[in-house]
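**Q** Input: one structure, supplied below.
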Amino acid sequence: MNRYDVLIYCPLLLEFEAVYELFKFDENYSEEFDFPVFGGIVDDTRLLLVTSDDQNSIIARKIYEKLALKFDFGVVFCIGICGALSNDLSLGDVCYNTNNLDLNHDQKFGVGRTSLSPKYNKTDPVFVAKMNLFRTDPTMRSAREDWQENCRIWLSDRDNFDCSDFEYPTILSGPIVTYGVVADKDTKKRILELDRKILAVETELSGIFDACGHSRVISIRGVSDLADNSKNALEASSRGVVRQYAARNAALYFKTIIQNAPPLVDYIVSVRSMDAKDDGTKADPGADIFEKIKRSADHRLRAASPEYRDQGPVEWIPAPRVMSLEADSEENFPVEIVEALEDNRAILVNLPMNYPSQGLVDLYTLDMLGKMMLGKNVLPIVVDFVQVAPPKDLQQAIYDVQLDEIKKRKDISLVFIVSNYNPKSKSRSSHLFDMLKDYPDSFILAFVGSEVSTSVDGYADIIRGWSQYRLESVSLENMKRYLVRSHKYTEDEAETIAIRLTDTFDEFDLPIHPSYFVNIPRELLQRLIDANRRAELIELAVFGFLTFAVVGDEDRIVLSRTTRQRFLTMVAKLISVDKEKFDRKKLEELASIMAKQYDFDINPRLFIDGLCRNYIISFNEDGLMEFSLPFVRAFLLADYFRSNLADAKSYFQFDDEGFDFSAFNIFAEIGDVSWAVDEVCRRLDEDVSTFDALVGEALSRPVCEDRKHVLEDASFVPILASNQKDIANVRKNIERAAQEALDQTDSAGQKQILMDIRRKTREVVSGSGSSPVINKGKSRIVRDWQLAATLLGGGSESLEATRKRALATRIIELTCEIIDDWMWMIKKRDYSNMASVAFEQIMGDADLANRISDREAVKDYFSSVFAQMELRKMEGVVCSMVGNLSDICGGDVLAKTVTACRDDRRSREMIRCLWLVALDEDAGLKATDGAIRKFPKRIYPRVLFAKYLILRAYWNAKSRRSRENITETANNILKPLPLSVSGPDDQPH
């Protein structure tokens, strides 16, 4: 069977000749058929040209069917003339279809009918995207202008034809109708009621769709009339010149894109390569079906997702996990989608309100390929819900796969992924499930926005049969796997970066779309690790969401991402700084003012609609605008303050109860914060010098002169220090934790469990409405510490050395003060007394007491349990304070600053050295070894220091060598423990 990349179908001889004269066709097959057929090659693209010289969809279908017996081709272009239905089209303009409405299918359509039921044919969105790229890409502008100029010259050269009313032809894409001649206003009006975006009417396209069985069909049409009763008069007065002009413009546009749009040509050739073997014979239908699905999903994803579009080949990107909405909340944790499908035949995933759904279906398609389910390879197939309408069969809603090819295969687990699902359509949902009864072993996956349950009547009845899940985060393991594959990090490096990314996403509440990962350059990831630079990650996410708004803009004039950012920045400033409020009307008025100022011919309503539709903004129950995505507001505001410092100083008032930490975190990285550093240093001095007075009655530590820090104070004796057996158990536990940190067996999986538990705990606490009671003084101290750490971390590359060192020194001082008071607060809870009370309660039960033979053993047991509880609380203090400090002020750029902040006071020096481990590991460990030699041989502080280092080795070390070095230092800290029980409390070793 002869292979051709493109079939060009021209209904009329006029259109056929327009194409024929532009190309060289060396192969003539006309004698084998009863109509003209010619073949040729343009560069490496093989073309087959045919005409029937008749405008009829049935004839078009029959022509295709005859050709298919001899030839094999992947994409089809119908090239010819059309009647314009849209006022945006003028004579000579060119349009092409994104989809096709077949009104010939509606046998009742005609005079007197007031409603229509067309058959919809949807062109492959990737095919359309490649066509659109040529029309919109600035790099291809010169080729488009050459086409326009060529068209204009041809028309002006016609003898006795006045072309003064003709402007340069334009190009539009949108729906095109297949029907007969439209020559009356009533018919035209009823067609446009179907879809206001319909561009034109022609007579053949639906026949090609019916015959070829796939969606790779595009009709390029030149406008030869305005689909009204002036058609015949126009043809007569122009003596056919306008028809020739329209046909030639369409043909020349086809030649222009074939010769000047490499992405389109690559798509055409790749489609052909999916369906044929090297020897030219038809490929085995099932042999490369997985590769075919992969390529199709990849093509659609590039069309739908701005982040993904311009990337090179991407083998795999991580898809989010899901969590059941029906399972027991205490035992319910996120799982991979394949795990969820194994337990449920039909899964409906609820998307967060501010989550972009673009490309999600294809991301899951790519994610599932290569995975196993129930011992079989997963074969994901996309079903377009828009095409699921009685009496259509399932094949008409399927992308790129013939169901007959796979229906009998026993080696696959078939997963139907439903795109564009809308539970409002009960009939379509019912029809879909009826059709899927023919595939009893298959699985179904669909997605729906979170607003559906509140906007659809009878929602619970509609979705009966679905198991409901909600979308969750990408797993640590998959994020790590992606970083290893795409950026060539080692396993340990990738895991460390994945943890840092996850923490950043959680802190800023970023609903990360998986395609976001493909747009993160390695340099940015490295800066996140080396200097904790997060503002650039936030900026990338903001750009991504605004680009989604650009792609989905329905206005005739589509404004750029930067223009939308400028508008939203103005809105963020007016709301946050000027305290203005905006309802829908006022916001549209603001958009109108912007349009007038910059001379934009836009529809303000559509402009605001695009921002709402992409969940960037929303309107609350009072009708006032809010940013749906808090990180967008925070970034835009911080970016505004970068060039408006006076407003920043006025806005960031450090004692305000509603202080905007989200915007301040970003501003600390991108703005001039020297003024803030000076003020915060002053506050920190005050906090340290008047700590006891500030905390007041909430103070936990003893008030006396010359009191030692709690880590050095001999009077501070936890339960642990009084029992040799407890010390031995603690040491065993630490040794076991150190070994786990070294081995890292299934580390990503174990860490994921811990992170999920942490996230669930945070949700429970936040949902309960309760929060720890903290007095005003402590609240100020905690806030000042956070401000200082944020300023030092964010300004690590912009602040002068003197300011950085001033901040670092004061942060260490305040950290020690907070640890001191916090540890005494734990001690005041008197865990020893809790152990005694628990023991007495047990012994107070006569039945239990009679069964206990060794009262002292039971007493020791309770003492040990509460000693461990007390120790864990104390571990949490050091690990939390130093760990947060290392996370916020991490990166080697601060190493020199912290190195310079040496302190003769032993507790402060230990905190400094532990912090330095996060900045310059080798220098930090060496400094820690030196500092611990001067430290008292006390049990519990050494346990706390060692436990912090082991946790750091587990969570943050980037290599096996790093883990070994950190755990070795932890071991050095613990070496004197057996001697410390009876040894001199303050004697250095």
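As shown in the structure tokens, the chain order sets the letters A, B, ...; within each chain, residues go from 1, and ligands are also counted from 1 in the order they appear.
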Extract, using only C-alpha atoms, all DNA, RNA and protein residues at most 6 Å from segment 122-125 of chain A, discarding same-chain residues fewer than 4 positions from it, and format them as an MDAnalysis selection string.
**A** chainID A and resid 98:99 129 215:217
**Q** Using only C-alpha atoms, which of the listed residues (A:Lys975, A:Arg46, A:Lys778, A:Lys649) sits closest to Val943 of chain A?
**A**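 Checking each candidate against Val943 of chain A, we get A:Lys975 as the closest.
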**Q** Find the distance between atom CA of Gly92 of chain A and atom CA of Phe254 of chain A and write it in Å to one decimal.
**A**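 Here the two named atoms are 14.5 Å from each other.
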**Q** Mind pulling up the distance from atom CA of Ala247 of chain A to atom CA of Gly74 of chain A?
**A**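 Separation between atom CA of Gly74 of chain A and atom CA of Ala247 of chain A: 23.8 Å.
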**Q** Would you kindly return, as a list of chain:residue names, each protein, DNA or RNA residue with an atom no farther than 9 Å from any atom of Thr170 of chain A, considering only C-alpha atoms and excluding same-chain residues fewer than 3 positions away?
**A**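 Close residues of Thr170 of chain A: A:Leu89, A:Ser90, A:Gly92, A:Asp93, A:Val94, A:Cys95, A:Gln148, A:Glu167.
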